[in-house]
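So this one's upload16.cif, mmCIF, C-alpha atoms:
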```cif
data_final
#
loop_
_atom_site.label_atom_id
_atom_site.label_comp_id
_atom_site.auth_asym_id
_atom_site.auth_seq_id
_atom_site.Cartn_x
_atom_site.Cartn_y
_atom_site.Cartn_z
CA MET A 8 -14.50 -15.21 -74.28
CA LYS A 9 -17.81 -14.85 -76.10
CA LYS A 10 -19.83 -14.92 -72.89
CA ILE A 11 -17.58 -12.41 -71.15
CA LEU A 12 -18.20 -10.06 -74.05
CA ALA A 13 -21.91 -10.24 -73.23
CA ILE A 14 -21.06 -8.23 -70.10
CA ILE A 15 -20.60 -5.21 -72.35
CA LEU A 16 -24.11 -5.73 -73.64
CA CYS A 17 -25.32 -6.13 -70.05
CA ALA A 18 -23.76 -2.77 -69.22
CA LEU A 19 -25.61 -1.15 -72.10
CA LEU A 20 -28.89 -2.71 -70.96
CA ALA A 21 -28.22 -1.38 -67.47
CA GLY A 22 -28.32 2.16 -68.80
CA LEU A 23 -24.59 2.63 -69.13
CA GLY A 24 -24.61 3.28 -72.87
CA ALA A 25 -22.34 6.30 -72.58
CA LEU A 26 -19.66 4.17 -70.95
CA SER A 27 -17.65 1.20 -72.15
CA LEU A 28 -15.78 -1.61 -70.48
CA ALA A 29 -12.17 -2.21 -71.38
CA GLU A 30 -12.10 -3.75 -74.85
CA ALA A 31 -12.31 -7.52 -74.59
CA PRO A 32 -9.69 -9.37 -76.59
CA PHE A 33 -11.70 -12.10 -78.30
CA GLY A 34 -14.78 -12.40 -80.49
CA ASN A 35 -17.80 -10.16 -80.82
CA VAL A 36 -20.44 -9.28 -78.25
CA PHE A 37 -23.24 -10.34 -80.61
CA ASP A 38 -21.77 -13.80 -81.32
CA THR A 39 -24.03 -16.74 -80.57
CA LEU A 40 -23.36 -18.21 -77.15
CA PRO A 41 -21.48 -21.53 -76.89
CA GLY A 42 -23.52 -24.62 -77.60
CA GLU A 43 -26.46 -22.74 -79.15
CA PRO A 44 -27.59 -23.32 -82.77
CA GLY A 45 -25.28 -21.48 -85.15
CA SER A 46 -22.60 -21.06 -82.53
CA GLU A 47 -19.01 -20.98 -83.73
CA THR A 48 -17.87 -22.16 -80.31
CA PRO A 49 -18.54 -25.78 -79.25
CA PRO A 50 -19.81 -26.77 -75.79
CA HIS A 51 -17.26 -27.07 -73.01
CA SER A 52 -14.96 -30.07 -73.00
CA ASP A 53 -13.73 -31.86 -69.89
CA ASP A 54 -10.17 -32.45 -71.05
CA GLY A 55 -8.79 -30.41 -68.16
CA SER A 56 -10.94 -31.84 -65.39
CA SER A 57 -7.85 -32.67 -63.30
CA GLU A 58 -7.18 -28.94 -62.92
CA GLY A 59 -10.41 -28.09 -61.17
CA ILE A 60 -11.46 -25.33 -58.80
CA THR A 61 -14.15 -25.52 -56.09
CA LEU A 62 -16.52 -22.62 -55.34
CA GLN A 63 -19.41 -22.06 -52.96
CA VAL A 64 -22.32 -20.65 -54.98
CA ASN A 65 -25.70 -19.96 -53.39
CA GLY A 66 -25.03 -22.50 -50.67
CA GLU A 67 -23.87 -25.22 -53.06
CA SER A 68 -20.31 -26.50 -53.26
CA VAL A 69 -19.51 -26.66 -56.94
CA LYS A 70 -16.36 -28.27 -58.33
CA LEU A 71 -15.66 -26.73 -61.71
CA ALA A 72 -13.51 -28.55 -64.25
CA TYR A 73 -10.90 -26.64 -66.21
CA ASP A 74 -11.69 -26.43 -69.93
CA ALA A 75 -8.41 -26.70 -71.80
CA SER A 76 -9.95 -26.26 -75.24
CA PRO A 77 -8.54 -23.16 -76.98
CA GLN A 78 -12.08 -21.89 -77.65
CA TYR A 79 -12.35 -21.14 -73.95
CA SER A 80 -8.83 -21.02 -72.49
CA SER A 81 -5.98 -19.42 -74.39
CA ILE A 82 -3.48 -16.59 -74.75
CA GLN A 83 -4.59 -13.98 -77.27
CA GLY A 84 -3.91 -10.31 -77.75
CA GLY A 85 -1.69 -10.13 -74.69
CA THR A 86 -4.35 -11.59 -72.39
CA VAL A 87 -4.51 -14.95 -70.64
CA GLN A 88 -7.96 -16.46 -70.23
CA ALA A 89 -8.77 -19.58 -68.18
CA SER A 90 -12.25 -21.10 -68.23
CA TYR A 91 -13.81 -23.49 -65.70
CA TYR A 92 -17.30 -24.97 -65.75
CA ALA A 93 -19.62 -27.43 -64.01
CA TYR A 94 -23.26 -28.45 -63.82
CA GLY A 95 -25.01 -28.17 -60.49
CA ALA A 96 -26.54 -30.97 -58.44
CA ASP A 97 -29.79 -30.58 -60.41
CA GLY A 98 -27.95 -31.48 -63.62
CA LYS A 99 -29.32 -28.37 -65.33
CA THR A 100 -27.71 -25.29 -63.78
CA LEU A 101 -24.47 -24.44 -65.56
CA TYR A 102 -21.67 -22.57 -63.79
CA GLU A 103 -18.91 -20.94 -65.85
CA LEU A 104 -15.93 -19.16 -64.35
CA TYR A 105 -13.60 -17.01 -66.46
CA ILE A 106 -10.34 -15.57 -65.18
CA THR A 107 -8.40 -13.10 -67.33
CA PHE A 108 -5.13 -11.33 -66.66
CA PRO A 109 -2.19 -9.91 -68.66
CA GLU A 110 0.19 -12.20 -70.49
CA THR A 111 2.95 -10.11 -68.93
CA ALA A 112 2.13 -11.60 -65.49
CA ARG A 113 5.05 -13.34 -63.82
CA ALA A 114 5.48 -15.55 -60.76
CA GLY A 115 5.14 -13.55 -57.54
CA MET A 116 2.85 -10.96 -59.12
CA VAL A 117 -0.46 -10.01 -57.48
CA ILE A 118 -3.03 -8.72 -59.97
CA THR A 119 -5.82 -6.46 -58.70
CA PRO A 120 -8.08 -3.87 -60.37
CA GLU A 121 -5.69 -1.19 -59.15
CA TYR A 122 -2.79 -2.92 -60.87
CA ALA A 123 -4.82 -3.41 -64.03
CA SER A 124 -5.81 0.27 -64.14
CA LEU A 125 -2.16 1.34 -63.86
CA THR A 126 -1.03 -0.96 -66.66
CA ASN A 127 -4.20 -0.55 -68.77
CA GLU A 128 -4.27 -4.31 -69.33
CA GLU A 129 -7.32 -6.57 -69.43
CA SER A 130 -8.09 -8.29 -66.11
CA SER A 131 -11.36 -9.62 -64.76
CA VAL A 132 -13.15 -12.41 -62.91
CA VAL A 133 -16.58 -13.50 -64.15
CA LEU A 134 -18.97 -16.21 -62.99
CA ILE A 135 -21.97 -16.97 -65.21
CA VAL A 136 -24.83 -18.98 -63.74
CA SER A 137 -27.25 -20.31 -66.36
CA ALA A 138 -30.55 -21.72 -65.09
CA ASP A 139 -34.10 -21.90 -66.43
CA SER A 140 -33.08 -20.19 -69.68
CA GLN A 141 -31.73 -17.21 -67.75
CA GLU A 142 -28.15 -16.11 -67.13
CA THR A 143 -26.85 -14.28 -64.10
CA TYR A 144 -23.50 -12.53 -64.44
CA TYR A 145 -21.37 -12.05 -61.33
CA PHE A 146 -18.27 -10.08 -62.25
CA SER A 147 -15.54 -7.63 -61.42
CA SER A 148 -13.65 -5.81 -64.14
CA LEU A 149 -12.59 -2.30 -65.10
CA LEU A 150 -14.60 0.64 -66.44
CA ASP A 151 -12.74 3.81 -67.42
CA GLY A 152 -9.82 2.79 -65.22
CA SER A 153 -11.93 2.06 -62.13
CA VAL A 154 -13.24 -1.21 -60.72
CA TYR A 155 -16.68 -2.08 -62.08
CA PRO A 156 -19.22 -2.70 -60.69
CA GLU A 157 -18.42 -0.39 -57.79
CA GLY A 158 -17.79 -2.40 -54.65
CA SER A 159 -16.51 -5.44 -56.49
CA GLY A 160 -12.89 -6.56 -56.60
CA PHE A 161 -10.50 -9.41 -57.24
CA THR A 162 -7.01 -10.59 -56.38
CA ILE A 163 -5.18 -13.00 -58.68
CA SER A 164 -1.91 -14.12 -57.10
CA ILE A 165 0.47 -15.88 -59.50
CA ASP A 166 2.61 -18.44 -57.67
CA SER A 167 4.34 -20.11 -60.60
CA ILE A 168 4.51 -20.11 -64.40
CA SER A 169 6.31 -22.53 -66.67
CA ASP A 170 6.59 -22.35 -70.45
CA GLU A 171 7.84 -25.60 -71.96
CA ASN A 172 7.27 -27.58 -75.14
CA GLY A 173 4.33 -25.49 -76.29
CA MET A 174 2.52 -25.67 -72.94
CA VAL A 175 2.21 -22.80 -70.46
CA ARG A 176 1.32 -23.82 -66.90
CA TYR A 177 0.00 -21.42 -64.26
CA ALA A 178 -0.63 -21.93 -60.54
CA GLY A 179 -1.85 -19.41 -58.01
CA THR A 180 -4.64 -18.24 -55.73
CA LEU A 181 -7.84 -16.38 -56.57
CA SER A 182 -10.14 -14.34 -54.36
CA ALA A 183 -12.92 -12.02 -55.45
CA SER A 184 -16.01 -10.06 -54.50
CA LEU A 185 -18.31 -10.30 -57.51
CA ILE A 186 -21.51 -8.35 -58.18
CA SER A 187 -24.50 -9.10 -60.36
CA LEU A 188 -26.39 -6.07 -61.66
CA ASP A 189 -30.10 -5.63 -62.15
CA MET A 190 -30.42 -5.10 -65.90
CA ALA A 191 -33.35 -2.72 -65.54
CA SER A 192 -31.95 -0.35 -62.92
CA GLY A 193 -28.22 -1.00 -62.91
CA ASP A 194 -28.40 -1.54 -59.15
CA THR A 195 -26.75 -4.43 -57.35
CA ALA A 196 -28.96 -7.51 -57.61
CA ALA A 197 -26.72 -10.05 -55.88
CA THR A 198 -23.19 -10.52 -54.60
CA LEU A 199 -20.85 -13.47 -54.46
CA ASP A 200 -17.63 -13.76 -52.48
CA ILE A 201 -14.86 -16.13 -53.50
CA PRO A 202 -12.44 -16.68 -50.60
CA ALA A 203 -8.78 -17.44 -51.24
CA THR A 204 -8.98 -20.43 -53.58
CA PRO A 205 -6.06 -22.17 -55.30
CA PHE A 206 -6.13 -22.65 -59.06
CA ARG A 207 -3.94 -24.12 -61.76
CA PHE A 208 -4.32 -24.55 -65.48
CA THR A 209 -2.35 -25.40 -68.60
CA LEU A 210 -2.62 -23.56 -71.91
CA THR A 211 -1.57 -24.75 -75.31
CA GLY A 212 0.75 -22.17 -76.84
CA GLN A 213 3.75 -20.09 -75.95
CA LEU A 214 4.31 -16.76 -74.24
CA SER A 215 5.32 -13.94 -76.57
CA ALA A 216 8.16 -12.97 -74.20
CA PRO A 217 10.41 -15.48 -72.39
CA LEU A 218 10.08 -15.94 -68.67
CA PRO A 219 12.94 -14.64 -66.47
CA GLY A 220 15.66 -17.26 -66.30
CA ASP A 221 14.66 -18.97 -69.52
CA PRO A 222 17.73 -20.07 -71.44
CA GLN A 223 18.63 -17.76 -74.27
CA SER A 224 20.56 -18.74 -77.36
CA THR A 225 24.03 -17.21 -77.38
CA PRO A 226 24.87 -15.41 -80.63
CA GLN A 227 27.96 -16.83 -82.22
CA PRO A 228 30.84 -14.56 -83.14
CA ASP A 229 31.21 -13.94 -86.85
CA ASP A 230 34.35 -16.03 -86.99
CA MET A 231 32.55 -19.00 -85.36
CA LYS A 232 29.73 -18.81 -87.91
CA LYS A 233 32.27 -19.41 -90.67
CA VAL A 234 33.54 -22.65 -89.13
#
```
Show me the file's structure as structure tokens.
Amino acid sequence: MKKILAIILCALLAGLGALSLAEAPFGNVFDTLPGEPGSETPPHSDDGSSEGITLQVNGESVKLAYDASPQYSSIQGGTVQASYYAYGADGKTLYELYITFPETARAGMVITPEYASLTNEESSVVLIVSADSQETYYFSSLLDGSVYPEGSGFTISIDSISDENGMVRYAGTLSASLISLDMASGDTAATLDIPATPFRFTLTGQLSAPLPGDPQSTPQPDDMKKV
């Protein structure tokens, strides 16, 4: 989540100092970025490579591996975060995709900025492209209850969720219209469309509330407890 928090800093640099994005659930915006000297967060792992997602970025088809490490993908503060990453064909350009949505999401739910603004819960889609010591942020999130940047958007459709033996598995479809801002003017610098794309990922942990239909323990009558 550390890199997503940098979006807040980007907003400030874009001249939006009087405004604030919805509070991000993890870390601090001034934390060192993953993999840099002094970073508390290690580089991405490829433990979840079987749960990949393929995107078209600047004319290149990029297959991103799911990073199952809890430093990048987890459930914290009522928010689910899934992280995917890949290096480009040049072996240098790094692509990082972050999907966040409420822990309260259930199968059959469709999460959009409009839904997120009604529930006041963290939701966003962010793609970070790192090349030649520069980072470009394509994103869609919320700002004061409205989609930000203006003209962006996302749809996260949850098809299934299972919560068993300390593992929470999600499957669904993602689509988004992401915008990168010019840090000097705050104007749109670039756009990126993600067509309907299936995703799945597995988190280590447990939901704070049981899923509908999960078996519940039946309280025993007082007389049975004495047996």
Practice problem: Name the residues that the PyMOL selection byres ((chain A and resi 135) around 10) pulls out of this structure, and write them as a VMD selection string. | Solution: chain A and resid 10 to 11 92 101 to 105 133 to 134 136 to 138 142 to 146 187
Quiz prompt | Interatomic distance (Å, one decimal) between CA of Ser90 in chain A and CA of Asp194 in chain A | solution = 26.9 Å
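Atom pair CA of Met190 in chain A / CA of Asp139 in chain A has a distance of 17.2 Å (rounded to one decimal).
Each of A:Ala216, A:Ala123, A:Leu185, A:Ile165 was compared to Leu150 in chain A using all atoms listed in the file, and A:Ala123 turns out to be the nearest.
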Quiz item: Within 12 Å of Ser215 in chain A, counting all atoms listed in the file, which residues qualify if same-chain residues fewer than 4 places away don't, as a PyMOL selection string?
Solution: chain A and resi 82-87+109-112+170+173+175
Name the residues that the PyMOL selection byres ((chain A and resi 114) around 9) pulls out of this structure, and write them as an mmCIF file with C-alpha atoms, in the coordinates of the input.
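This is the output file selection_37.cif:
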```cif
data_model
loop_
_atom_site.group_PDB
_atom_site.id
_atom_site.type_symbol
_atom_site.label_atom_id
_atom_site.label_comp_id
_atom_site.auth_asym_id
_atom_site.auth_seq_id
_atom_site.Cartn_x
_atom_site.Cartn_y
_atom_site.Cartn_z
ATOM 1 C CA ALA A 112 2.130 -11.600 -65.490
ATOM 2 C CA ARG A 113 5.050 -13.340 -63.820
ATOM 3 C CA GLY A 115 5.140 -13.550 -57.540
ATOM 4 C CA MET A 116 2.850 -10.960 -59.120
ATOM 5 C CA VAL A 117 -0.460 -10.010 -57.480
ATOM 6 C CA SER A 164 -1.910 -14.120 -57.100
ATOM 7 C CA ILE A 165 0.470 -15.880 -59.500
ATOM 8 C CA ASP A 166 2.610 -18.440 -57.670
ATOM 9 C CA SER A 167 4.340 -20.110 -60.600
ATOM 10 C CA ILE A 168 4.510 -20.110 -64.400
ATOM 11 C CA TYR A 177 0.000 -21.420 -64.260
ATOM 12 C CA ALA A 178 -0.630 -21.930 -60.540
ATOM 13 C CA GLY A 179 -1.850 -19.410 -58.010
#
```
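For the choices A:Leu214, A:Ala93, A:Val132, A:Ala197, the atom-to-atom distance to Leu181 in chain A is smallest for A:Val132 when using all atoms listed in the file.
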Quiz prompt | From A:Pro205, A:Pro156, A:Gly66, A:Gly212, residue lying nearest Gly193 in chain A [all atoms listed in the file] | solution = A:Pro156
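Nearest-residue note for Gln88 in chain A: choosing from A:Glu129, A:Asp151, A:Glu58, A:Glu67, the minimum distance belongs to A:Glu129, counting all atoms listed in the file.
As for CA of Pro202 in chain A and CA of Val69 in chain A, they are spaced 13.8 Å apart.
Considering the residues A:Ser130, A:Thr195, A:Thr100, A:Ser80 and counting all atoms listed in the file, Val64 in chain A has its shortest atom-to-atom contact with A:Thr100.
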Practice problem: Let me know the residues the PyMOL selection byres ((chain A and resi 157) around 10) catches in the file above, as a ChimeraX atom specification. | Solution: /A:147-150,153-156,158-160,185-186,195
Export range 93-104 of chain A of the preceding structure, keeping all heavy atoms, as a PDB file, in the first residue's frame.
```pdb
ATOM      1  N   ALA A  93       4.761  -6.947 -12.806  1.00  0.00           N
ATOM      2  CA  ALA A  93       5.530  -7.614 -13.871  1.00  0.00           C
ATOM      3  C   ALA A  93       6.561  -6.638 -14.411  1.00  0.00           C
ATOM      4  O   ALA A  93       6.379  -5.404 -14.337  1.00  0.00           O
ATOM      5  CB  ALA A  93       4.624  -8.074 -14.999  1.00  0.00           C
ATOM      6  N   TYR A  94       7.633  -7.179 -14.972  1.00  0.00           N
ATOM      7  CA  TYR A  94       8.593  -6.374 -15.714  1.00  0.00           C
ATOM      8  C   TYR A  94       8.259  -6.464 -17.194  1.00  0.00           C
ATOM      9  O   TYR A  94       7.800  -7.499 -17.682  1.00  0.00           O
ATOM     10  CB  TYR A  94      10.018  -6.857 -15.462  1.00  0.00           C
ATOM     11  CG  TYR A  94      10.548  -6.438 -14.111  1.00  0.00           C
ATOM     12  CD1 TYR A  94      10.434  -7.287 -13.017  1.00  0.00           C
ATOM     13  CD2 TYR A  94      11.142  -5.186 -13.926  1.00  0.00           C
ATOM     14  CE1 TYR A  94      10.906  -6.900 -11.767  1.00  0.00           C
ATOM     15  CE2 TYR A  94      11.610  -4.788 -12.687  1.00  0.00           C
ATOM     16  CZ  TYR A  94      11.492  -5.653 -11.607  1.00  0.00           C
ATOM     17  OH  TYR A  94      11.944  -5.259 -10.381  1.00  0.00           O
ATOM     18  N   GLY A  95       8.491  -5.371 -17.894  1.00  0.00           N
ATOM     19  CA  GLY A  95       8.194  -5.321 -19.316  1.00  0.00           C
ATOM     20  C   GLY A  95       9.201  -6.114 -20.133  1.00  0.00           C
ATOM     21  O   GLY A  95      10.150  -6.709 -19.620  1.00  0.00           O
ATOM     22  N   ALA A  96       8.994  -6.086 -21.451  1.00  0.00           N
ATOM     23  CA  ALA A  96       9.860  -6.839 -22.360  1.00  0.00           C
ATOM     24  C   ALA A  96      11.304  -6.352 -22.304  1.00  0.00           C
ATOM     25  O   ALA A  96      12.234  -7.113 -22.583  1.00  0.00           O
ATOM     26  CB  ALA A  96       9.322  -6.734 -23.783  1.00  0.00           C
ATOM     27  N   ASP A  97      11.514  -5.085 -21.899  1.00  0.00           N
ATOM     28  CA  ASP A  97      12.868  -4.558 -21.814  1.00  0.00           C
ATOM     29  C   ASP A  97      13.592  -5.015 -20.553  1.00  0.00           C
ATOM     30  O   ASP A  97      14.782  -4.754 -20.371  1.00  0.00           O
ATOM     31  CB  ASP A  97      12.866  -3.029 -21.890  1.00  0.00           C
ATOM     32  CG  ASP A  97      12.062  -2.388 -20.751  1.00  0.00           C
ATOM     33  OD1 ASP A  97      11.592  -3.115 -19.855  1.00  0.00           O
ATOM     34  OD2 ASP A  97      11.894  -1.153 -20.774  1.00  0.00           O
ATOM     35  N   GLY A  98      12.868  -5.691 -19.653  1.00  0.00           N
ATOM     36  CA  GLY A  98      13.472  -6.177 -18.423  1.00  0.00           C
ATOM     37  C   GLY A  98      13.717  -5.101 -17.387  1.00  0.00           C
ATOM     38  O   GLY A  98      14.247  -5.381 -16.310  1.00  0.00           O
ATOM     39  N   LYS A  99      13.322  -3.873 -17.676  1.00  0.00           N
ATOM     40  CA  LYS A  99      13.577  -2.751 -16.764  1.00  0.00           C
ATOM     41  C   LYS A  99      12.288  -2.081 -16.285  1.00  0.00           C
ATOM     42  O   LYS A  99      12.195  -1.688 -15.126  1.00  0.00           O
ATOM     43  CB  LYS A  99      14.472  -1.713 -17.453  1.00  0.00           C
ATOM     44  CG  LYS A  99      15.840  -2.255 -17.850  1.00  0.00           C
ATOM     45  CD  LYS A  99      16.646  -1.173 -18.552  1.00  0.00           C
ATOM     46  CE  LYS A  99      18.022  -1.710 -18.968  1.00  0.00           C
ATOM     47  NZ  LYS A  99      18.817  -0.656 -19.668  1.00  0.00           N
ATOM     48  N   THR A 100      11.331  -1.915 -17.189  1.00  0.00           N
ATOM     49  CA  THR A 100      10.090  -1.239 -16.824  1.00  0.00           C
ATOM     50  C   THR A 100       9.270  -2.115 -15.887  1.00  0.00           C
ATOM     51  O   THR A 100       9.013  -3.279 -16.189  1.00  0.00           O
ATOM     52  CB  THR A 100       9.256  -0.909 -18.076  1.00  0.00           C
ATOM     53  OG1 THR A 100      10.038  -0.106 -18.967  1.00  0.00           O
ATOM     54  CG2 THR A 100       7.989  -0.155 -17.699  1.00  0.00           C
ATOM     55  N   LEU A 101       8.887  -1.563 -14.754  1.00  0.00           N
ATOM     56  CA  LEU A 101       8.119  -2.301 -13.757  1.00  0.00           C
ATOM     57  C   LEU A 101       6.671  -1.815 -13.761  1.00  0.00           C
ATOM     58  O   LEU A 101       6.408  -0.614 -13.675  1.00  0.00           O
ATOM     59  CB  LEU A 101       8.723  -2.098 -12.368  1.00  0.00           C
ATOM     60  CG  LEU A 101       7.958  -2.720 -11.185  1.00  0.00           C
ATOM     61  CD1 LEU A 101       7.893  -4.238 -11.321  1.00  0.00           C
ATOM     62  CD2 LEU A 101       8.599  -2.306  -9.863  1.00  0.00           C
ATOM     63  N   TYR A 102       5.749  -2.760 -13.865  1.00  0.00           N
ATOM     64  CA  TYR A 102       4.318  -2.470 -13.815  1.00  0.00           C
ATOM     65  C   TYR A 102       3.751  -3.015 -12.504  1.00  0.00           C
ATOM     66  O   TYR A 102       3.969  -4.183 -12.161  1.00  0.00           O
ATOM     67  CB  TYR A 102       3.591  -3.126 -14.992  1.00  0.00           C
ATOM     68  CG  TYR A 102       4.078  -2.680 -16.347  1.00  0.00           C
ATOM     69  CD1 TYR A 102       5.103  -3.364 -17.002  1.00  0.00           C
ATOM     70  CD2 TYR A 102       3.517  -1.576 -16.985  1.00  0.00           C
ATOM     71  CE1 TYR A 102       5.556  -2.968 -18.245  1.00  0.00           C
ATOM     72  CE2 TYR A 102       3.960  -1.169 -18.229  1.00  0.00           C
ATOM     73  CZ  TYR A 102       4.977  -1.861 -18.861  1.00  0.00           C
ATOM     74  OH  TYR A 102       5.425  -1.455 -20.099  1.00  0.00           O
ATOM     75  N   GLU A 103       3.015  -2.189 -11.774  1.00  0.00           N
ATOM     76  CA  GLU A 103       2.409  -2.611 -10.521  1.00  0.00           C
ATOM     77  C   GLU A 103       0.936  -2.209 -10.503  1.00  0.00           C
ATOM     78  O   GLU A 103       0.613  -1.026 -10.646  1.00  0.00           O
ATOM     79  CB  GLU A 103       3.125  -1.982  -9.331  1.00  0.00           C
ATOM     80  CG  GLU A 103       4.582  -2.386  -9.202  1.00  0.00           C
ATOM     81  CD  GLU A 103       5.275  -1.630  -8.087  1.00  0.00           C
ATOM     82  OE1 GLU A 103       5.766  -0.514  -8.360  1.00  0.00           O
ATOM     83  OE2 GLU A 103       5.295  -2.133  -6.954  1.00  0.00           O
ATOM     84  N   LEU A 104       0.081  -3.181 -10.324  1.00  0.00           N
ATOM     85  CA  LEU A 104      -1.355  -2.937 -10.283  1.00  0.00           C
ATOM     86  C   LEU A 104      -1.855  -3.198  -8.868  1.00  0.00           C
ATOM     87  O   LEU A 104      -1.544  -4.233  -8.271  1.00  0.00           O
ATOM     88  CB  LEU A 104      -2.083  -3.858 -11.266  1.00  0.00           C
ATOM     89  CG  LEU A 104      -3.620  -3.786 -11.258  1.00  0.00           C
ATOM     90  CD1 LEU A 104      -4.102  -2.442 -11.828  1.00  0.00           C
ATOM     91  CD2 LEU A 104      -4.218  -4.945 -12.051  1.00  0.00           C
TER      92      LEU A 104
END
```
